[in-house]
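So this one's run_34.cif, mmCIF, C-alpha atoms, pLDDT in the B column; chains and numbers go by the auth columns:
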data_protein
#
loop_
_atom_site.group_PDB
_atom_site.id
_atom_site.type_symbol
_atom_site.label_atom_id
_atom_site.label_comp_id
_atom_site.label_asym_id
_atom_site.label_seq_id
_atom_site.Cartn_x
_atom_site.Cartn_y
_atom_site.Cartn_z
_atom_site.B_iso_or_equiv
_atom_site.auth_seq_id
_atom_site.auth_asym_id
ATOM 1 C CA MET A 1 -20.111 19.282 20.148 33.00 1 A
ATOM 2 C CA SER A 2 -19.502 15.738 21.387 37.00 2 A
ATOM 3 C CA ASN A 3 -16.440 13.847 20.181 39.00 3 A
ATOM 4 C CA HIS A 4 -18.327 11.304 18.094 41.00 4 A
ATOM 5 C CA GLN A 5 -19.639 14.149 15.924 45.00 5 A
ATOM 6 C CA ILE A 6 -16.161 15.232 14.822 48.00 6 A
ATOM 7 C CA THR A 7 -16.017 15.417 11.020 52.00 7 A
ATOM 8 C CA ARG A 8 -12.513 16.846 10.618 57.00 8 A
ATOM 9 C CA PRO A 9 -9.240 16.813 12.558 66.00 9 A
ATOM 10 C CA CYS A 10 -9.243 19.104 15.590 83.00 10 A
ATOM 11 C CA PHE A 11 -5.490 19.129 16.099 95.00 11 A
ATOM 12 C CA THR A 12 -2.183 19.358 14.261 94.00 12 A
ATOM 13 C CA ILE A 13 1.247 18.089 15.330 95.00 13 A
ATOM 14 C CA ARG A 14 4.187 19.207 13.207 94.00 14 A
ATOM 15 C CA GLN A 15 1.547 20.345 10.683 93.00 15 A
ATOM 16 C CA ILE A 16 0.103 16.828 10.494 94.00 16 A
ATOM 17 C CA PRO A 17 -3.679 16.761 11.090 95.00 17 A
ATOM 18 C CA VAL A 18 -4.732 14.482 13.960 95.00 18 A
ATOM 19 C CA TYR A 19 -8.167 13.278 15.031 94.00 19 A
ATOM 20 C CA GLY A 20 -8.553 13.159 18.801 92.00 20 A
ATOM 21 C CA PHE A 21 -11.173 11.479 20.964 93.00 21 A
ATOM 22 C CA ALA A 22 -11.891 11.215 24.669 92.00 22 A
ATOM 23 C CA SER A 23 -12.487 7.455 24.519 93.00 23 A
ATOM 24 C CA MET A 24 -12.240 4.391 22.324 94.00 24 A
ATOM 25 C CA GLU A 25 -16.031 4.136 22.211 93.00 25 A
ATOM 26 C CA ALA A 26 -16.336 7.659 20.814 92.00 26 A
ATOM 27 C CA PHE A 27 -13.826 6.820 18.078 94.00 27 A
ATOM 28 C CA ILE A 28 -15.624 3.603 17.104 94.00 28 A
ATOM 29 C CA ASP A 29 -18.951 5.476 17.010 92.00 29 A
ATOM 30 C CA PHE A 30 -17.313 7.969 14.652 92.00 30 A
ATOM 31 C CA LEU A 31 -15.927 5.246 12.371 94.00 31 A
ATOM 32 C CA LEU A 32 -19.126 3.170 12.255 92.00 32 A
ATOM 33 C CA PRO A 33 -21.991 5.641 12.734 86.00 33 A
ATOM 34 C CA ASN A 34 -25.571 4.350 12.616 78.00 34 A
ATOM 35 C CA HIS A 35 -24.599 0.962 11.098 78.00 35 A
ATOM 36 C CA HIS A 36 -22.649 2.671 8.307 88.00 36 A
ATOM 37 C CA VAL A 37 -18.905 2.780 7.642 94.00 37 A
ATOM 38 C CA HIS A 38 -16.876 5.986 7.608 92.00 38 A
ATOM 39 C CA THR A 39 -14.744 5.242 4.540 94.00 39 A
ATOM 40 C CA GLY A 40 -11.140 6.420 4.428 94.00 40 A
ATOM 41 C CA ARG A 41 -7.664 5.592 5.695 95.00 41 A
ATOM 42 C CA LEU A 42 -6.979 5.028 9.388 94.00 42 A
ATOM 43 C CA ILE A 43 -3.343 5.873 10.137 91.00 43 A
ATOM 44 C CA ALA A 44 -1.733 5.311 13.542 91.00 44 A
ATOM 45 C CA LEU A 45 0.460 8.302 14.386 93.00 45 A
ATOM 46 C CA ASN A 46 3.435 8.052 16.704 91.00 46 A
ATOM 47 C CA ALA A 47 6.703 9.923 17.138 91.00 47 A
ATOM 48 C CA GLU A 48 8.624 7.576 14.833 89.00 48 A
ATOM 49 C CA LYS A 49 6.127 8.040 12.020 91.00 49 A
ATOM 50 C CA VAL A 50 6.234 11.828 12.418 93.00 50 A
ATOM 51 C CA LEU A 51 10.026 11.755 12.031 92.00 51 A
ATOM 52 C CA THR A 52 9.906 9.259 9.141 90.00 52 A
ATOM 53 C CA SER A 53 7.488 11.519 7.280 91.00 53 A
ATOM 54 C CA GLU A 54 10.067 14.317 7.395 92.00 54 A
ATOM 55 C CA GLN A 55 12.430 12.100 5.370 90.00 55 A
ATOM 56 C CA ASN A 56 9.866 10.208 3.262 90.00 56 A
ATOM 57 C CA GLU A 57 7.926 12.488 0.938 90.00 57 A
ATOM 58 C CA GLN A 58 5.415 9.798 -0.015 87.00 58 A
ATOM 59 C CA LEU A 59 4.531 9.119 3.620 88.00 59 A
ATOM 60 C CA GLN A 60 4.304 12.835 4.343 91.00 60 A
ATOM 61 C CA GLN A 61 1.847 13.307 1.475 90.00 61 A
ATOM 62 C CA ILE A 62 -0.264 10.410 2.772 89.00 62 A
ATOM 63 C CA LEU A 63 -0.390 11.858 6.302 91.00 63 A
ATOM 64 C CA MET A 64 -1.350 15.263 4.934 91.00 64 A
ATOM 65 C CA SER A 65 -3.908 14.075 2.373 87.00 65 A
ATOM 66 C CA GLY A 66 -7.075 13.578 4.371 83.00 66 A
ATOM 67 C CA GLY A 67 -6.503 10.288 6.140 89.00 67 A
ATOM 68 C CA ILE A 68 -7.852 9.666 9.628 93.00 68 A
ATOM 69 C CA ASN A 69 -4.625 10.089 11.590 94.00 69 A
ATOM 70 C CA TYR A 70 -5.111 9.100 15.233 95.00 70 A
ATOM 71 C CA PRO A 71 -2.735 9.289 18.255 94.00 71 A
ATOM 72 C CA ASP A 72 -1.385 5.757 18.652 92.00 72 A
ATOM 73 C CA GLY A 73 1.822 6.855 20.417 88.00 73 A
ATOM 74 C CA ILE A 74 1.890 8.317 23.923 90.00 74 A
ATOM 75 C CA SER A 75 4.374 10.989 22.767 92.00 75 A
ATOM 76 C CA VAL A 76 1.837 12.326 20.277 95.00 76 A
ATOM 77 C CA VAL A 77 -0.891 12.327 22.951 94.00 77 A
ATOM 78 C CA ARG A 78 1.330 14.322 25.319 93.00 78 A
ATOM 79 C CA SER A 79 2.184 16.748 22.534 95.00 79 A
ATOM 80 C CA ILE A 80 -1.508 17.328 21.793 95.00 80 A
ATOM 81 C CA ARG A 81 -2.193 17.935 25.481 94.00 81 A
ATOM 82 C CA LYS A 82 0.696 20.398 25.656 95.00 82 A
ATOM 83 C CA LYS A 83 -0.278 22.282 22.501 95.00 83 A
ATOM 84 C CA TYR A 84 -4.015 22.157 23.290 95.00 84 A
ATOM 85 C CA PRO A 85 -4.323 22.292 27.114 93.00 85 A
ATOM 86 C CA ASP A 86 -8.125 21.992 27.072 90.00 86 A
ATOM 87 C CA SER A 87 -8.136 18.864 24.930 90.00 87 A
ATOM 88 C CA GLN A 88 -9.449 15.578 26.300 88.00 88 A
ATOM 89 C CA VAL A 89 -7.539 13.260 24.021 93.00 89 A
ATOM 90 C CA VAL A 90 -6.602 9.722 25.023 93.00 90 A
ATOM 91 C CA ARG A 91 -4.135 7.368 23.432 93.00 91 A
ATOM 92 C CA ILE A 92 -5.812 5.005 20.976 94.00 92 A
ATOM 93 C CA ALA A 93 -3.504 2.001 20.673 91.00 93 A
ATOM 94 C CA GLY A 94 -3.786 0.481 17.219 91.00 94 A
ATOM 95 C CA ALA A 95 -4.074 -3.072 18.570 92.00 95 A
ATOM 96 C CA ASP A 96 -6.978 -2.072 20.813 94.00 96 A
ATOM 97 C CA LEU A 97 -8.670 -0.061 18.076 96.00 97 A
ATOM 98 C CA TRP A 98 -8.451 -3.008 15.674 97.00 98 A
ATOM 99 C CA GLN A 99 -10.062 -5.389 18.159 97.00 99 A
ATOM 100 C CA SER A 100 -12.862 -2.907 18.950 96.00 100 A
ATOM 101 C CA LEU A 101 -13.408 -2.365 15.234 97.00 101 A
ATOM 102 C CA MET A 102 -13.529 -6.111 14.555 97.00 102 A
ATOM 103 C CA GLN A 103 -15.973 -6.698 17.403 96.00 103 A
ATOM 104 C CA ARG A 104 -18.290 -3.974 16.083 95.00 104 A
ATOM 105 C CA ALA A 105 -17.934 -5.342 12.534 96.00 105 A
ATOM 106 C CA GLY A 106 -19.082 -8.707 13.849 96.00 106 A
ATOM 107 C CA ASP A 107 -22.042 -7.149 15.665 95.00 107 A
ATOM 108 C CA LEU A 108 -23.120 -5.273 12.527 95.00 108 A
ATOM 109 C CA ALA A 109 -22.186 -7.970 9.961 95.00 109 A
ATOM 110 C CA ILE A 110 -19.771 -5.637 8.183 96.00 110 A
ATOM 111 C CA PRO A 111 -17.602 -7.524 5.637 97.00 111 A
ATOM 112 C CA VAL A 112 -13.869 -7.516 6.416 98.00 112 A
ATOM 113 C CA TYR A 113 -10.799 -8.283 4.277 98.00 113 A
ATOM 114 C CA LEU A 114 -7.476 -9.172 5.943 98.00 114 A
ATOM 115 C CA VAL A 115 -4.096 -8.408 4.362 97.00 115 A
ATOM 116 C CA GLY A 116 -0.555 -9.043 5.596 94.00 116 A
ATOM 117 C CA SER A 117 1.564 -11.187 7.898 94.00 117 A
ATOM 118 C CA GLN A 118 2.380 -14.853 7.252 94.00 118 A
ATOM 119 C CA SER A 119 -0.256 -17.122 5.747 95.00 119 A
ATOM 120 C CA GLN A 120 -0.428 -19.279 8.890 96.00 120 A
ATOM 121 C CA VAL A 121 -0.873 -16.256 11.150 96.00 121 A
ATOM 122 C CA LEU A 122 -3.486 -14.861 8.784 96.00 122 A
ATOM 123 C CA GLU A 123 -5.445 -18.111 8.795 96.00 123 A
ATOM 124 C CA GLN A 124 -5.426 -18.298 12.593 97.00 124 A
ATOM 125 C CA THR A 125 -6.477 -14.657 12.821 97.00 125 A
ATOM 126 C CA SER A 126 -9.376 -15.214 10.435 97.00 126 A
ATOM 127 C CA GLU A 127 -10.547 -18.308 12.295 97.00 127 A
ATOM 128 C CA LYS A 128 -10.403 -16.591 15.693 98.00 128 A
ATOM 129 C CA LEU A 129 -12.266 -13.506 14.440 98.00 129 A
ATOM 130 C CA GLN A 130 -15.074 -15.663 13.066 97.00 130 A
ATOM 131 C CA ARG A 131 -15.218 -17.839 16.148 97.00 131 A
ATOM 132 C CA GLN A 132 -14.997 -15.053 18.743 97.00 132 A
ATOM 133 C CA TRP A 133 -17.051 -12.243 17.174 98.00 133 A
ATOM 134 C CA HIS A 134 -18.614 -13.802 14.057 98.00 134 A
ATOM 135 C CA VAL A 135 -16.762 -11.348 11.847 98.00 135 A
ATOM 136 C CA PRO A 136 -17.692 -11.912 8.174 98.00 136 A
ATOM 137 C CA ILE A 137 -14.283 -12.397 6.527 98.00 137 A
ATOM 138 C CA VAL A 138 -14.749 -11.992 2.782 98.00 138 A
ATOM 139 C CA GLY A 139 -11.113 -12.455 1.761 97.00 139 A
ATOM 140 C CA GLN A 140 -7.509 -12.578 2.889 97.00 140 A
ATOM 141 C CA GLN A 141 -4.030 -12.151 1.444 97.00 141 A
ATOM 142 C CA ASP A 142 -0.716 -12.688 3.207 95.00 142 A
ATOM 143 C CA GLY A 143 1.925 -9.971 3.068 92.00 143 A
ATOM 144 C CA TYR A 144 4.385 -11.855 0.879 92.00 144 A
ATOM 145 C CA PHE A 145 3.272 -10.530 -2.473 92.00 145 A
ATOM 146 C CA THR A 146 5.529 -8.676 -4.877 91.00 146 A
ATOM 147 C CA GLU A 147 5.133 -5.330 -6.591 92.00 147 A
ATOM 148 C CA SER A 148 3.903 -7.120 -9.706 94.00 148 A
ATOM 149 C CA ASP A 149 1.088 -8.670 -7.637 95.00 149 A
ATOM 150 C CA VAL A 150 -0.207 -5.426 -6.129 95.00 150 A
ATOM 151 C CA GLU A 151 -2.831 -4.651 -8.764 96.00 151 A
ATOM 152 C CA SER A 152 -4.173 -8.195 -8.621 96.00 152 A
ATOM 153 C CA VAL A 153 -4.478 -8.005 -4.826 96.00 153 A
ATOM 154 C CA ILE A 154 -6.286 -4.678 -5.093 97.00 154 A
ATOM 155 C CA GLN A 155 -8.723 -6.117 -7.622 97.00 155 A
ATOM 156 C CA HIS A 156 -9.473 -9.045 -5.305 97.00 156 A
ATOM 157 C CA ILE A 157 -10.218 -6.633 -2.471 98.00 157 A
ATOM 158 C CA LYS A 158 -12.453 -4.580 -4.739 97.00 158 A
ATOM 159 C CA ALA A 159 -14.300 -7.682 -5.981 97.00 159 A
ATOM 160 C CA SER A 160 -14.915 -8.821 -2.394 97.00 160 A
ATOM 161 C CA ARG A 161 -16.886 -5.613 -1.665 97.00 161 A
ATOM 162 C CA ALA A 162 -15.287 -5.484 1.771 97.00 162 A
ATOM 163 C CA LYS A 163 -16.177 -2.450 3.868 97.00 163 A
ATOM 164 C CA VAL A 164 -13.250 -2.751 6.295 98.00 164 A
ATOM 165 C CA VAL A 165 -9.743 -3.696 5.110 98.00 165 A
ATOM 166 C CA THR A 166 -6.933 -4.169 7.628 97.00 166 A
ATOM 167 C CA VAL A 167 -3.307 -4.380 6.497 97.00 167 A
ATOM 168 C CA ALA A 168 -0.435 -5.847 8.556 95.00 168 A
ATOM 169 C CA MET A 169 2.740 -5.121 6.625 92.00 169 A
ATOM 170 C CA GLY A 170 4.656 -2.660 8.803 82.00 170 A
ATOM 171 C CA SER A 171 5.228 1.040 8.256 79.00 171 A
ATOM 172 C CA PRO A 172 5.554 2.718 5.812 83.00 172 A
ATOM 173 C CA ARG A 173 4.849 -0.215 3.431 88.00 173 A
ATOM 174 C CA GLN A 174 1.308 -0.705 4.703 90.00 174 A
ATOM 175 C CA GLU A 175 0.486 3.005 4.382 87.00 175 A
ATOM 176 C CA LEU A 176 1.785 3.085 0.813 89.00 176 A
ATOM 177 C CA PHE A 177 -0.239 -0.019 -0.103 94.00 177 A
ATOM 178 C CA ILE A 178 -3.368 1.356 1.560 94.00 178 A
ATOM 179 C CA GLN A 179 -3.000 4.584 -0.394 91.00 179 A
ATOM 180 C CA ARG A 180 -2.887 2.712 -3.707 94.00 180 A
ATOM 181 C CA CYS A 181 -5.792 0.496 -2.709 96.00 181 A
ATOM 182 C CA TYR A 182 -7.884 3.447 -1.557 96.00 182 A
ATOM 183 C CA GLU A 183 -7.316 5.270 -4.840 95.00 183 A
ATOM 184 C CA SER A 184 -8.685 2.264 -6.730 96.00 184 A
ATOM 185 C CA TYR A 185 -11.412 1.284 -4.256 97.00 185 A
ATOM 186 C CA PRO A 186 -12.433 4.197 -1.984 96.00 186 A
ATOM 187 C CA ASP A 187 -15.597 2.509 -0.668 96.00 187 A
ATOM 188 C CA ALA A 188 -13.984 0.970 2.415 97.00 188 A
ATOM 189 C CA LEU A 189 -12.326 1.871 5.696 97.00 189 A
ATOM 190 C CA TYR A 190 -8.642 0.923 5.613 97.00 190 A
ATOM 191 C CA MET A 191 -6.437 0.380 8.652 96.00 191 A
ATOM 192 C CA GLY A 192 -2.725 -0.381 8.936 92.00 192 A
ATOM 193 C CA VAL A 193 -2.194 -2.705 11.890 94.00 193 A
ATOM 194 C CA GLY A 194 1.519 -3.643 11.955 89.00 194 A
ATOM 195 C CA GLY A 195 2.034 -6.732 14.122 90.00 195 A
ATOM 196 C CA THR A 196 -1.497 -6.799 15.553 94.00 196 A
ATOM 197 C CA TYR A 197 -2.434 -10.181 14.082 96.00 197 A
ATOM 198 C CA ASP A 198 0.508 -11.814 15.875 94.00 198 A
ATOM 199 C CA VAL A 199 -0.604 -10.290 19.182 92.00 199 A
ATOM 200 C CA PHE A 200 -4.225 -11.306 18.612 95.00 200 A
ATOM 201 C CA ILE A 201 -3.444 -15.008 18.170 94.00 201 A
ATOM 202 C CA GLY A 202 -0.941 -15.013 21.040 89.00 202 A
ATOM 203 C CA LYS A 203 2.194 -15.431 18.938 85.00 203 A
ATOM 204 C CA VAL A 204 3.624 -12.180 20.328 77.00 204 A
ATOM 205 C CA LYS A 205 3.056 -11.028 23.896 73.00 205 A
ATOM 206 C CA ARG A 206 1.998 -7.425 24.440 67.00 206 A
ATOM 207 C CA ALA A 207 3.117 -5.302 27.387 64.00 207 A
ATOM 208 C CA PRO A 208 1.148 -5.917 30.617 71.00 208 A
ATOM 209 C CA LEU A 209 -1.839 -3.623 31.094 71.00 209 A
ATOM 210 C CA VAL A 210 -0.168 -1.583 33.841 70.00 210 A
ATOM 211 C CA TRP A 211 2.697 -0.719 31.458 68.00 211 A
ATOM 212 C CA GLN A 212 0.165 0.285 28.803 68.00 212 A
ATOM 213 C CA LYS A 213 -1.729 2.555 31.198 68.00 213 A
ATOM 214 C CA LEU A 214 1.499 4.243 32.283 64.00 214 A
ATOM 215 C CA GLY A 215 2.401 4.941 28.650 67.00 215 A
ATOM 216 C CA LEU A 216 5.457 2.673 28.920 66.00 216 A
ATOM 217 C CA GLU A 217 4.632 0.076 26.299 67.00 217 A
ATOM 218 C CA TRP A 218 7.585 1.346 24.278 62.00 218 A
ATOM 219 C CA LEU A 219 9.919 0.643 27.233 62.00 219 A
ATOM 220 C CA TYR A 220 8.556 -2.879 27.660 62.00 220 A
ATOM 221 C CA ARG A 221 9.252 -3.610 23.985 64.00 221 A
ATOM 222 C CA LEU A 222 12.753 -2.158 24.343 56.00 222 A
ATOM 223 C CA ILE A 223 13.504 -4.406 27.325 70.00 223 A
ATOM 224 C CA LYS A 224 12.252 -7.441 25.398 66.00 224 A
ATOM 225 C CA GLN A 225 14.040 -6.363 22.197 66.00 225 A
ATOM 226 C CA PRO A 226 17.252 -4.435 23.031 73.00 226 A
ATOM 227 C CA SER A 227 17.918 -4.193 19.291 67.00 227 A
ATOM 228 C CA ARG A 228 15.243 -1.462 19.229 60.00 228 A
ATOM 229 C CA LEU A 229 17.586 0.901 21.111 54.00 229 A
ATOM 230 C CA LYS A 230 18.882 2.567 17.945 61.00 230 A
ATOM 231 C CA ARG A 231 15.295 3.290 16.861 67.00 231 A
ATOM 232 C CA GLN A 232 14.438 4.689 20.288 64.00 232 A
ATOM 233 C CA LEU A 233 17.467 6.984 20.346 64.00 233 A
ATOM 234 C CA LYS A 234 16.322 8.531 17.064 72.00 234 A
ATOM 235 C CA LEU A 235 13.133 9.596 18.842 78.00 235 A
ATOM 236 C CA LEU A 236 15.122 12.076 20.939 85.00 236 A
ATOM 237 C CA LYS A 237 14.698 14.437 17.989 89.00 237 A
ATOM 238 C CA TYR A 238 10.929 14.318 18.509 86.00 238 A
ATOM 239 C CA GLN A 239 11.355 14.930 22.237 88.00 239 A
ATOM 240 C CA GLY A 240 13.334 18.019 21.287 91.00 240 A
ATOM 241 C CA TYR A 241 10.369 19.275 19.281 89.00 241 A
ATOM 242 C CA HIS A 242 8.123 18.617 22.289 92.00 242 A
ATOM 243 C CA TRP A 243 10.329 20.302 24.861 91.00 243 A
ATOM 244 C CA ARG A 244 10.929 23.367 22.657 93.00 244 A
ATOM 245 C CA GLY A 245 7.252 23.664 21.808 91.00 245 A
ATOM 246 C CA GLU A 246 7.910 23.114 18.084 92.00 246 A
ATOM 247 C CA LEU A 247 4.657 21.218 17.651 89.00 247 A
#
Represent the supplied structure as structure tokens.
Amino acid sequence: MSNHQITRPCFTIRQIPVYGFASMEAFIDFLLPNHHVHTGRLIALNAEKVLTSEQNEQLQQILMSGGINYPDGISVVRSIRKKYPDSQVVRIAGADLWQSLMQRAGDLAIPVYLVGSQSQVLEQTSEKLQRQWHVPIVGQQDGYFTESDVESVIQHIKASRAKVVTVAMGSPRQELFIQRCYESYPDALYMGVGGTYDVFIGKVKRAPLVWQKLGLEWLYRLIKQPSRLKRQLKLLKYQGYHWRGEL
């Protein structure tokens, strides 16, 4: 069976189901097969999110409840390869997946709704998407809404009849929002994208390609933001799972 025909997760890491693909193209073909949209929740999985889910019951339930979890972090990719030696799974960086998804949405005229980030960043992102790939943006909402606004935002998304909704609010807030939105309006593909909008418009610089290919994007970010050291040290717990084979 070829990868683009996968209909359920082939792998598990720490009991979390994970979809794995041999290429970005295969994943995009799976998400948008034959000009249709594979509805559901796209969730980027990395070591930090695995550990957070062990302390956050809501996030754990979301990861275990049928979302399309994909290996965004190199640690998760290496764990899959260790646990499943015959697997041909590549890292699918969320920023790259989002751009590929947006480009295909433009090609197929699939309506997109953007949520999150600052209003100025959101506006620039929308303009660039329409200019570069002719993506049909049917609505947008910055990330500075309160809990009392959530239902109104969800209703706007539902009324827009968007088929792809991307949410840039950071983890786990974006996953929790996506879950609520999906429960109310399940007829779309949802994706949490973190700081991807900022990277897309050039506000934030991503690691050079050679660092990405070597799986060292995390190190590049650490060098640029030393304040991330505490977060990185916490990931030693995940490395312990990997080394001991507790995957």
Point out the residue among A:Phe11, A:Val18, A:Leu114, A:Lys158 with the least atom-to-atom distance to Pro85 of chain A, counting all atoms listed in the file.
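Closest residue, counting all atoms listed in the file: A:Phe11.
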To one decimal place in Å, what is the distance between atom CA of Thr12 of chain A and atom CA of Gly240 of chain A?
17.1 Å
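From atom CA of Lys163 of chain A back to atom CA of His35 of chain A, the distance works out to 11.6 Å.
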Give me the result of the PyMOL selection byres ((chain A and resi 127-138) around 7) on this file, residue by residue, as a PyMOL selection string.
chain A and resi 102-103+105-106+109-113+123-126+139+160+162
If the PyMOL selection byres ((chain A and resi 198-202) around 12) were run on this exact file, what residues would it hold? Put them as number ranges by chain.
A: 94-96, 98-99, 102, 116-129, 132, 168-169, 193-197, 203-207
Please supply segment 54-62 of chain A, rebuilt with all heavy atoms, as a short mmCIF file (atom, residue, chain, number, x, y, z; two decimals), keeping the file's coordinate frame.
data_model
loop_
_atom_site.label_atom_id
_atom_site.label_comp_id
_atom_site.auth_asym_id
_atom_site.auth_seq_id
_atom_site.Cartn_x
_atom_site.Cartn_y
_atom_site.Cartn_z
N GLU A 54 9.21 13.18 7.74
CA GLU A 54 10.07 14.32 7.40
C GLU A 54 11.16 13.92 6.41
O GLU A 54 11.76 14.77 5.76
CB GLU A 54 10.68 14.91 8.67
CG GLU A 54 9.65 15.52 9.60
CD GLU A 54 10.24 16.10 10.87
OE1 GLU A 54 11.43 15.85 11.16
OE2 GLU A 54 9.51 16.81 11.58
N GLN A 55 11.42 12.61 6.30
CA GLN A 55 12.43 12.10 5.37
C GLN A 55 11.81 11.36 4.18
O GLN A 55 12.49 11.12 3.18
CB GLN A 55 13.37 11.14 6.12
CG GLN A 55 14.01 11.71 7.37
CD GLN A 55 14.89 12.91 7.08
OE1 GLN A 55 15.57 12.94 6.06
NE2 GLN A 55 14.87 13.89 7.96
N ASN A 56 10.54 10.99 4.30
CA ASN A 56 9.87 10.21 3.26
C ASN A 56 8.71 11.04 2.70
O ASN A 56 7.66 11.16 3.33
CB ASN A 56 9.35 8.89 3.86
CG ASN A 56 8.78 7.95 2.82
OD1 ASN A 56 8.02 8.35 1.94
ND2 ASN A 56 9.09 6.67 2.93
N GLU A 57 8.92 11.58 1.52
CA GLU A 57 7.93 12.49 0.94
C GLU A 57 6.60 11.79 0.67
O GLU A 57 5.53 12.38 0.86
CB GLU A 57 8.47 13.09 -0.36
CG GLU A 57 7.57 14.17 -0.94
CD GLU A 57 8.18 14.83 -2.16
OE1 GLU A 57 9.39 14.63 -2.42
OE2 GLU A 57 7.45 15.56 -2.87
N GLN A 58 6.65 10.53 0.25
CA GLN A 58 5.42 9.80 -0.02
C GLN A 58 4.58 9.66 1.25
O GLN A 58 3.37 9.88 1.25
CB GLN A 58 5.73 8.40 -0.57
CG GLN A 58 5.95 8.35 -2.07
CD GLN A 58 6.10 6.90 -2.53
OE1 GLN A 58 7.06 6.21 -2.19
NE2 GLN A 58 5.15 6.44 -3.31
N LEU A 59 5.24 9.27 2.35
CA LEU A 59 4.53 9.12 3.62
C LEU A 59 3.99 10.46 4.10
O LEU A 59 2.86 10.53 4.59
CB LEU A 59 5.46 8.52 4.69
CG LEU A 59 4.82 8.33 6.08
CD1 LEU A 59 3.61 7.41 6.00
CD2 LEU A 59 5.86 7.77 7.05
N GLN A 60 4.76 11.51 3.93
CA GLN A 60 4.30 12.84 4.34
C GLN A 60 3.05 13.24 3.58
O GLN A 60 2.09 13.76 4.16
CB GLN A 60 5.41 13.87 4.11
CG GLN A 60 5.04 15.26 4.62
CD GLN A 60 6.17 16.25 4.42
OE1 GLN A 60 6.59 16.50 3.28
NE2 GLN A 60 6.68 16.79 5.51
N GLN A 61 3.02 12.98 2.28
CA GLN A 61 1.85 13.31 1.48
C GLN A 61 0.63 12.52 1.94
O GLN A 61 -0.48 13.05 2.00
CB GLN A 61 2.14 13.04 0.00
CG GLN A 61 3.12 14.01 -0.62
CD GLN A 61 3.46 13.66 -2.07
OE1 GLN A 61 3.10 12.59 -2.56
NE2 GLN A 61 4.14 14.55 -2.75
N ILE A 62 0.84 11.24 2.30
CA ILE A 62 -0.26 10.41 2.77
C ILE A 62 -0.83 10.97 4.08
O ILE A 62 -2.05 11.08 4.26
CB ILE A 62 0.21 8.95 2.95
CG1 ILE A 62 0.44 8.31 1.58
CG2 ILE A 62 -0.82 8.14 3.74
CD1 ILE A 62 1.11 6.96 1.64
#
